[in-house]
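Input: a single structure, listed below in structure tokens.
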Amino acid sequence: MKNNGMDGAGKITTWFIVGFLVLVVGGVIVAGAISGNAPATDPNAGFVATTAPAITAADWTMGDKNAKVSLIEYGDFQCPACGEYYPIVNQLLKNYGNNILFVFRNFPLYTIHPDAGISAQAAEAAGLQGKFWDMYNMLYQKQLTWTTAAPNTVVSAYFDGYAQSLGLDVKKFDADINSSAVTGKIQNDVNGANTAAVDHTPTFFVNLKQIPNPASYDQFKAAIDQAFGNGSSSASSTGK
């Protein structure tokens, strides 16, 4: 009987240790996913209004550089949520016109979106030929098409065709896509995002202050209108 009692206690102890190790390993995996730029289930949970780096000449901008209100998006071209926000942002830009300055910055989620990096490089390479916004639009409009290709084939299968349709020098585009100018620009965007504690895409900043991701166009408009009412200004210098 004593031996049976000790065997039972041993089993309980063993299962306790196994259970504890499962919890520890699970916690490490979750922590690793978050540090690897994986988006949280609810990106607005525990929201903190961080500050984005000032807008500079290195940024891709759309609108009046002296506008009272700026809107910065840290985005990933393969991110489905970014694709969903794309028409909402476009509607805002259409309705506000030059009254706001829009800035797009790259924040590829490399660990969960295989084509995130190469698509950001495609946009930046097109930008070297003056077609950043054209490629930006094409990548989001055709997101459901090119995201089916592997990173080592997506350029030849899709991006070269997009470049050609935009009137780009495709040979230069292919050479630029892996250039230090392109990869350095993306890394600079990522560094700024990390400074602002960006951990999901898209992440939006109005006048350099992060806002919770709006649940609708009306909520987005309300955030922009509030910025106009506050009388604050965008800290920026000349952009592209």
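The way I read the labels, and the way they are meant: chains A, B, ... in the order of the structure tokens, residue 1 as the first residue of every chain, and ligand 1 as the first ligand shown, with later ones counted on from there.
Shell of Leu166 of chain A at 8 Å, with only C-alpha atoms counted and residues fewer than 3 places along the chain excluded, is Lys131, Asp134, Met135, Tyr162 and Ala163 of chain A.
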Write the residues of the preceding selection, restricted to N, CA and C atoms, as a PDB file, in the first residue's frame.
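Saved the output as out-v5.pdb:
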ATOM      1  N   LYS A 131       7.242  56.280 -59.559  1.00  0.00           N
ATOM      2  CA  LYS A 131       5.947  55.617 -59.633  1.00  0.00           C
ATOM      3  C   LYS A 131       5.587  54.890 -58.335  1.00  0.00           C
ATOM      4  N   ASP A 134       1.757  54.751 -57.791  1.00  0.00           N
ATOM      5  CA  ASP A 134       1.129  53.886 -58.793  1.00  0.00           C
ATOM      6  C   ASP A 134       1.291  52.416 -58.410  1.00  0.00           C
ATOM      7  N   MET A 135       2.494  52.047 -57.969  1.00  0.00           N
ATOM      8  CA  MET A 135       2.719  50.669 -57.559  1.00  0.00           C
ATOM      9  C   MET A 135       1.996  50.371 -56.246  1.00  0.00           C
ATOM     10  N   TYR A 162       3.482  44.357 -63.603  1.00  0.00           N
ATOM     11  CA  TYR A 162       2.940  45.612 -63.076  1.00  0.00           C
ATOM     12  C   TYR A 162       3.863  46.775 -63.454  1.00  0.00           C
ATOM     13  N   ALA A 163       5.165  46.552 -63.311  1.00  0.00           N
ATOM     14  CA  ALA A 163       6.140  47.600 -63.651  1.00  0.00           C
ATOM     15  C   ALA A 163       6.019  47.988 -65.117  1.00  0.00           C
TER      16      ALA A 163
END
Counting only C-alpha atoms, what is within 9 Å of segment 115-122 of chain A, bar same-chain residues fewer than 4 positions away, as a ChimeraX atom specification? /A:76-79,106-110,126-127,132,135-136,139,146-147,149-152,154-155,159,163,173-174,176-179,182-183,186
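Residue nearest Val198 of chain A, chosen from A:Ser216, A:Gln143, A:Asn137, A:Gln210 and counting only C-alpha atoms: A:Gln210.
Once Ala193 of chain A and its same-chain neighbours fewer than 5 positions away are set aside, Asn37, Thr50, Thr51, Ala52, Pro53, Ala54, Ile72, Glu73, Tyr74, Gly75, Phe104, Arg105, Asn106, Phe107, Pro108, Leu109, Ile186, Gln187, Asn188, Val198, Asp199, His200, Thr201, Pro202, Thr203, Phe204, Phe205, Leu208 and Gln210 of chain A remain within 12 Å of it when counting only C-alpha atoms.
Across A:Val69, A:Ala227, A:Val103, A:Ala45, the tightest approach to Asp189 of chain A is made by A:Val103 when counting only C-alpha atoms.
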Could you name the residues that touch segment 89-93 of chain A at 12 Å or less, counting only C-alpha atoms, but leaving out those on the same chain fewer than 2 positions away, as JSON, numbers by chain? {"A": [61, 62, 63, 64, 69, 70, 71, 72, 73, 75, 82, 83, 84, 85, 86, 87, 95, 96, 97, 98, 99, 100, 101, 102, 103, 104, 133, 136, 137, 140, 141, 202, 204, 213, 214, 216, 217, 218, 219, 220, 221, 222, 223, 224, 225]}
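Within segment 57-158 of chain A, the backbone-based DSSP assignment of strand (DSSP E) covers Trp60, Thr61, Met62, Gly63, Val69, Ser70, Leu71, Ile72, Glu73, Tyr74, Gly75, Ile100, Leu101, Phe102, Val103, Phe104, Arg105 and Asn106 of chain A.
Of note, atom CA of Val48 of chain A and atom CA of Gly229 of chain A are spaced 21.6 Å apart.
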Minimum-distance residue to Ala123 of chain A, chosen among A:Phe47, A:Met138, A:Ala57, A:Phe228 (using only C-alpha atoms): A:Met138
Could you give me, as an mmCIF file with N, CA and C atoms, in the first residue's frame, each residue of segment 131-194 of chain A that DSSP assigns to helix (DSSP H, G or I) when run on this structure's backbone?
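This is the output file states.cif:
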data_model
loop_
_atom_site.group_PDB
_atom_site.id
_atom_site.type_symbol
_atom_site.label_atom_id
_atom_site.label_comp_id
_atom_site.auth_asym_id
_atom_site.auth_seq_id
_atom_site.Cartn_x
_atom_site.Cartn_y
_atom_site.Cartn_z
ATOM 1 N N PHE A 132 6.003 55.426 -57.202
ATOM 2 C CA PHE A 132 5.697 54.756 -55.938
ATOM 3 C C PHE A 132 4.197 54.598 -55.738
ATOM 4 N N TRP A 133 3.466 55.707 -55.858
ATOM 5 C CA TRP A 133 2.036 55.652 -55.560
ATOM 6 C C TRP A 133 1.278 54.796 -56.567
ATOM 7 N N ASP A 134 1.757 54.751 -57.791
ATOM 8 C CA ASP A 134 1.129 53.886 -58.793
ATOM 9 C C ASP A 134 1.291 52.416 -58.410
ATOM 10 N N MET A 135 2.494 52.047 -57.969
ATOM 11 C CA MET A 135 2.719 50.669 -57.559
ATOM 12 C C MET A 135 1.996 50.371 -56.246
ATOM 13 N N TYR A 136 1.977 51.331 -55.350
ATOM 14 C CA TYR A 136 1.224 51.208 -54.093
ATOM 15 C C TYR A 136 -0.229 50.839 -54.390
ATOM 16 N N ASN A 137 -0.847 51.588 -55.299
ATOM 17 C CA ASN A 137 -2.242 51.319 -55.664
ATOM 18 C C ASN A 137 -2.402 49.940 -56.289
ATOM 19 N N MET A 138 -1.493 49.592 -57.185
ATOM 20 C CA MET A 138 -1.599 48.314 -57.887
ATOM 21 C C MET A 138 -1.437 47.131 -56.943
ATOM 22 N N LEU A 139 -0.506 47.243 -56.002
ATOM 23 C CA LEU A 139 -0.277 46.146 -55.062
ATOM 24 C C LEU A 139 -1.503 45.892 -54.186
ATOM 25 N N TYR A 140 -2.162 46.955 -53.755
ATOM 26 C CA TYR A 140 -3.356 46.759 -52.928
ATOM 27 C C TYR A 140 -4.561 46.332 -53.766
ATOM 28 N N GLN A 141 -4.699 46.909 -54.940
ATOM 29 C CA GLN A 141 -5.835 46.554 -55.787
ATOM 30 C C GLN A 141 -5.774 45.105 -56.260
ATOM 31 N N GLN A 143 -4.066 42.672 -54.574
ATOM 32 C CA GLN A 143 -3.508 41.915 -53.450
ATOM 33 C C GLN A 143 -3.906 40.441 -53.463
ATOM 34 N N LEU A 144 -5.139 40.141 -53.802
ATOM 35 C CA LEU A 144 -5.611 38.757 -53.774
ATOM 36 C C LEU A 144 -5.004 37.914 -54.889
ATOM 37 N N THR A 145 -4.367 38.565 -55.850
ATOM 38 C CA THR A 145 -3.762 37.839 -56.977
ATOM 39 C C THR A 145 -2.306 37.483 -56.714
ATOM 40 N N TRP A 146 -1.476 38.484 -56.448
ATOM 41 C CA TRP A 146 -0.038 38.226 -56.345
ATOM 42 C C TRP A 146 0.368 37.541 -55.054
ATOM 43 N N VAL A 154 7.373 35.770 -57.268
ATOM 44 C CA VAL A 154 6.358 36.820 -57.388
ATOM 45 C C VAL A 154 6.802 37.982 -58.277
ATOM 46 N N VAL A 155 8.095 38.271 -58.294
ATOM 47 C CA VAL A 155 8.583 39.380 -59.121
ATOM 48 C C VAL A 155 8.396 39.068 -60.603
ATOM 49 N N SER A 156 8.897 37.921 -61.026
ATOM 50 C CA SER A 156 8.781 37.565 -62.439
ATOM 51 C C SER A 156 7.339 37.254 -62.836
ATOM 52 N N ALA A 157 6.575 36.678 -61.904
ATOM 53 C CA ALA A 157 5.202 36.277 -62.221
ATOM 54 C C ALA A 157 4.230 37.458 -62.242
ATOM 55 N N TYR A 158 4.485 38.456 -61.394
ATOM 56 C CA TYR A 158 3.520 39.552 -61.275
ATOM 57 C C TYR A 158 4.146 40.954 -61.306
ATOM 58 N N PHE A 159 5.144 41.192 -60.463
ATOM 59 C CA PHE A 159 5.634 42.563 -60.293
ATOM 60 C C PHE A 159 6.276 43.135 -61.549
ATOM 61 N N ASP A 160 6.977 42.299 -62.306
ATOM 62 C CA ASP A 160 7.560 42.791 -63.562
ATOM 63 C C ASP A 160 6.453 43.245 -64.516
ATOM 64 N N GLY A 161 5.356 42.507 -64.542
ATOM 65 C CA GLY A 161 4.225 42.896 -65.387
ATOM 66 C C GLY A 161 3.591 44.191 -64.923
ATOM 67 N N TYR A 162 3.482 44.357 -63.603
ATOM 68 C CA TYR A 162 2.940 45.612 -63.076
ATOM 69 C C TYR A 162 3.863 46.775 -63.454
ATOM 70 N N ALA A 163 5.165 46.552 -63.311
ATOM 71 C CA ALA A 163 6.140 47.600 -63.651
ATOM 72 C C ALA A 163 6.019 47.988 -65.117
ATOM 73 N N GLN A 164 5.891 46.999 -65.965
ATOM 74 C CA GLN A 164 5.762 47.273 -67.402
ATOM 75 C C GLN A 164 4.493 48.046 -67.700
ATOM 76 N N SER A 165 3.397 47.679 -67.067
ATOM 77 C CA SER A 165 2.125 48.368 -67.299
ATOM 78 C C SER A 165 2.164 49.817 -66.819
ATOM 79 N N VAL A 170 11.828 47.989 -66.869
ATOM 80 C CA VAL A 170 11.747 46.764 -66.090
ATOM 81 C C VAL A 170 13.129 46.265 -65.660
ATOM 82 N N LYS A 171 14.131 46.415 -66.529
ATOM 83 C CA LYS A 171 15.487 45.995 -66.163
ATOM 84 C C LYS A 171 16.008 46.798 -64.976
ATOM 85 N N LYS A 172 15.752 48.087 -64.997
ATOM 86 C CA LYS A 172 16.169 48.934 -63.865
ATOM 87 C C LYS A 172 15.369 48.561 -62.617
ATOM 88 N N PHE A 173 14.086 48.327 -62.799
ATOM 89 C CA PHE A 173 13.215 47.923 -61.690
ATOM 90 C C PHE A 173 13.753 46.653 -61.032
ATOM 91 N N ASP A 174 14.121 45.668 -61.843
ATOM 92 C CA ASP A 174 14.643 44.410 -61.316
ATOM 93 C C ASP A 174 15.979 44.610 -60.604
ATOM 94 N N ALA A 175 16.787 45.523 -61.119
ATOM 95 C CA ALA A 175 18.079 45.802 -60.479
ATOM 96 C C ALA A 175 17.891 46.559 -59.164
ATOM 97 N N ASP A 176 16.918 47.480 -59.163
ATOM 98 C CA ASP A 176 16.697 48.318 -57.980
ATOM 99 C C ASP A 176 16.020 47.574 -56.837
ATOM 100 N N SER A 180 20.603 48.556 -52.189
ATOM 101 C CA SER A 180 20.743 49.063 -50.827
ATOM 102 C C SER A 180 19.869 50.294 -50.599
ATOM 103 N N ALA A 181 19.638 51.061 -51.654
ATOM 104 C CA ALA A 181 18.772 52.240 -51.524
ATOM 105 C C ALA A 181 17.357 51.818 -51.136
ATOM 106 N N VAL A 182 16.882 50.736 -51.744
ATOM 107 C CA VAL A 182 15.531 50.243 -51.469
ATOM 108 C C VAL A 182 15.459 49.569 -50.104
ATOM 109 N N THR A 183 16.351 48.632 -49.851
ATOM 110 C CA THR A 183 16.301 47.908 -48.579
ATOM 111 C C THR A 183 16.606 48.832 -47.396
ATOM 112 N N GLY A 184 17.480 49.821 -47.637
ATOM 113 C CA GLY A 184 17.792 50.782 -46.583
ATOM 114 C C GLY A 184 16.600 51.658 -46.236
ATOM 115 N N LYS A 185 15.835 52.060 -47.254
ATOM 116 C CA LYS A 185 14.634 52.875 -47.024
ATOM 117 C C LYS A 185 13.611 52.091 -46.197
ATOM 118 N N ILE A 186 13.416 50.833 -46.541
ATOM 119 C CA ILE A 186 12.456 50.010 -45.807
ATOM 120 C C ILE A 186 12.910 49.824 -44.363
ATOM 121 N N GLN A 187 14.188 49.566 -44.168
ATOM 122 C CA GLN A 187 14.706 49.382 -42.817
ATOM 123 C C GLN A 187 14.563 50.665 -41.998
ATOM 124 N N ASN A 188 14.746 51.812 -42.631
ATOM 125 C CA ASN A 188 14.567 53.086 -41.937
ATOM 126 C C ASN A 188 13.124 53.243 -41.468
ATOM 127 N N ASP A 189 12.169 52.850 -42.340
ATOM 128 C CA ASP A 189 10.756 52.889 -41.953
ATOM 129 C C ASP A 189 10.497 51.969 -40.761
ATOM 130 N N VAL A 190 11.058 50.766 -40.828
ATOM 131 C CA VAL A 190 10.864 49.784 -39.757
ATOM 132 C C VAL A 190 11.476 50.294 -38.450
ATOM 133 N N ASN A 191 12.651 50.897 -38.538
ATOM 134 C CA ASN A 191 13.292 51.437 -37.335
ATOM 135 C C ASN A 191 12.415 52.505 -36.684
ATOM 136 N N GLY A 192 11.828 53.371 -37.508
ATOM 137 C CA GLY A 192 10.939 54.393 -36.972
ATOM 138 C C GLY A 192 9.703 53.793 -36.341
ATOM 139 N N ALA A 193 9.182 52.730 -36.973
ATOM 140 C CA ALA A 193 8.012 52.047 -36.426
ATOM 141 C C ALA A 193 8.331 51.430 -35.068
ATOM 142 N N ASN A 194 9.493 50.820 -34.966
ATOM 143 C CA ASN A 194 9.893 50.226 -33.693
ATOM 144 C C ASN A 194 10.051 51.284 -32.608
#
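Atom to atom, atom CA of Ala49 of chain A and atom CA of Ile211 of chain A stand 6.3 Å apart.
What separates atom CA of Asn66 of chain A from atom CA of Gln226 of chain A is a distance of 18.0 Å.
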